[in-house]
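Below is one structure, written out as structure tokens; the observations come after it.
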Amino acid sequence: MAVGLFVGKRQSRPWIVSDELWSLIEPLLPSPGPNLMEGRLRVPDRQALGGILFVLHTGIQWEYLPQELGFGSGMTCWRRLAAWNEAGVELHLVLLKKLRAAGKLDWSRAVIDSSHVRAARHGPKGGPSPVDRARPGSRHHVLTDGQGIPLAVSLTGGNRNDVTQLLQLLDKVPTVAGVVGRPRRRPDALLADRGYDHDKYRRLLWQRGIRPVIAERGVENGSGLGVFRWVVERTIAWLHGFRRLRIRWERRDDIHEAFLGLATCLITHRHVQRLR
């Protein structure tokens with residue numbers, strides 16, 4: 001599941017799950033497991049999702065989740081998020097299919113970039129950040145289409161070089177159907193800044209049928225790619241508009257990745273809403 005992005009229409013309470021979004025999510029969720037607390041009713045999935053969204057939007061710690069809003073306990077919402085992430089709920093793919101069916105995915109080029117986030121504690125996919133005095137940190141890697149619609153995101157340690165994640169991120173792009181003909185998952189070209197400047201990866205992109213458009217180090221006048229690359233920077237800004245993603249609070253990498261994926265879905269859902 002993945003500034004100013006709300007579930008449903010723009011509203012002052014973005015954690016409220018709209019009927020339209022719930023109709024997309026509900027069929028994808030795994031069947032409820034056995035009730036762990038005998039004699040206590042299971043918190044409905046829609047309410048638990050509201051609690052997860054509350055944490056994602058506000059950045060509040062799980063133990064302080066307001067009980068009076070009807071979400072259930074923070075631990076209940078945490079367990080539900082972990083279970084859905086493990087089950088591989090593919091909401092992002094459903095949304096991308098809707099966009100492709102409407103002709104709104106720009107496969108002519110994709111844009112890649114990353115951003116550092118500080119980690120509150122050590123954990124997997126963390127590491128000393130070269131941009132934050134070697135403090136613990138992680139990196140959010142983002143690949144978008146030509147308009148800035150997120151195609152794939154990933155989490156690595158703060159000390160990982162951007163270019164090492166280029167192919168891994170491309171491999172995470174799902175195969176998107178939605179129109180007559182072959183499903184698609186590869187852009188025609190890939191745009192990147194100097195952090196991805198490496199002849200080896202240019203060759204590997206050509207082998208995949210993708211034209212590399214990567215800025216070269218040492219070019220004084222700039223590459224001119226900023227005219228096209230700004231869309232991925234905007235998407236990263238949208239991701240970090242979700243307060244829970246500004247700092248990595250989770251020791252477990254899978255939980256932070258679940259939040260990152262959910263925020264990605266919310267951004268993509270905003271583009272789907274524009275189809276109306």
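Letters A, B, ... go to the chains of the structure tokens in the order shown; residues in each chain start at 1; ligands are counted from 1 in the same order.
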Mind running stretch 90-130 of chain A against stretch 230-244 of chain A at 10 Å and telling me each contacting residue's nearest atom pair with the distance in Å (one decimal), counting only C-alpha atoms, chain and number ascending, as a Markdown table?
| residue | atom | partner | partner_atom | distance |
| --- | --- | --- | --- | --- |
| A:Ala110 | CA | A:Val232 | CA | 9.0 |
| A:Val111 | CA | A:Val232 | CA | 6.2 |
| A:Ile112 | CA | A:Val232 | CA | 6.6 |
| A:Asp113 | CA | A:Val232 | CA | 6.6 |
| A:Ser114 | CA | A:Ile236 | CA | 7.8 |
| A:Ser115 | CA | A:Ile236 | CA | 7.3 |
| A:Val117 | CA | A:His240 | CA | 9.2 |
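Residues in contact with A:Arg100 at up to 12 Å, not including ones fewer than 2 positions away on its chain and judged by only C-alpha atoms, are A:Leu93, A:Val94, A:Leu95, A:Leu96, A:Lys97, A:Lys98, A:Ala102, A:Gly103, A:Lys104, A:Leu105, A:Asp106, A:Trp107, A:Asp145, A:Ile149, A:Leu151, A:Thr175, A:Val176, A:Ala177, A:Gly178, A:Val179, A:Val180, A:Gly181, A:Pro183, A:Arg184, A:Arg185, A:Thr268, A:His271, A:Val272, A:Leu275.
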Query raised in the report: Can you list every residue in stretch 71-230 of chain A that DSSP puts in strand (DSSP E), as a ChimeraX atom specification?
Result: /A:110-119,127-128,136-145,150-157,189-192,211-214
**Report entry** Best match for closeness to A:Leu225 among A:His141, A:Arg109, A:His57, A:Arg251, counting only C-alpha atoms
**Finding:** A:Arg109
Report task. Find the spatial neighbours of stretch 58-68 of chain A, counting only C-alpha atoms, within a cut-off of 12 Å - ignore same-chain residues fewer than 6 positions away - and output them as a PyMOL selection string. Result -> chain A and resi 3+13-15+43+47-48+50-52+74-79+81+240-250+256+259
Query raised in the report: Using the chain letters and numbers from this document, which residues of stretch 148-251 of chain A does DSSP assign to helix (DSSP H, G or I), as a PyMOL selection string?
Result: chain A and resi 162-172+194-196+199-207+226-239+243-245
Report task. To one decimal in Å, tell me the separation between atom CA of A:Ser154 and atom CA of A:His140. Result ->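 Between atom CA of A:Ser154 and atom CA of A:His140 the gap works out to 5.9 Å.
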Report task. Point out the residue among A:Thr164, A:Leu260, A:Pro44, A:Pro32 with the least atom-to-atom distance to A:Lys200, counting only C-alpha atoms. Result ->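 Counting only C-alpha atoms, the residue closest to A:Lys200 is A:Thr164.
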**Report entry** Separation of atom CA of A:Pro212 from atom CA of A:Arg194, in Å and rounded to one decimal
**Finding:** 12.1 Å
**Report entry** Selected residue of minimal separation from A:Ala152 among A:Leu262, A:Leu205, A:Leu99, A:Leu49, counting only C-alpha atoms
**Finding:**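 Once distances to A:Ala152 are computed over only C-alpha atoms, the minimum belongs to A:Leu262.
As for atom CA of A:Ala189 and atom CA of A:Ile210, they are spaced 5.0 Å apart.
If you count only C-alpha atoms and ignore residues fewer than 4 places along the chain from A:Gly195, what sits within 9 Å of it is Asp113, Asn161, Asp162, Val163, Ile214, Ala215, Glu216 and Arg217 of chain A.
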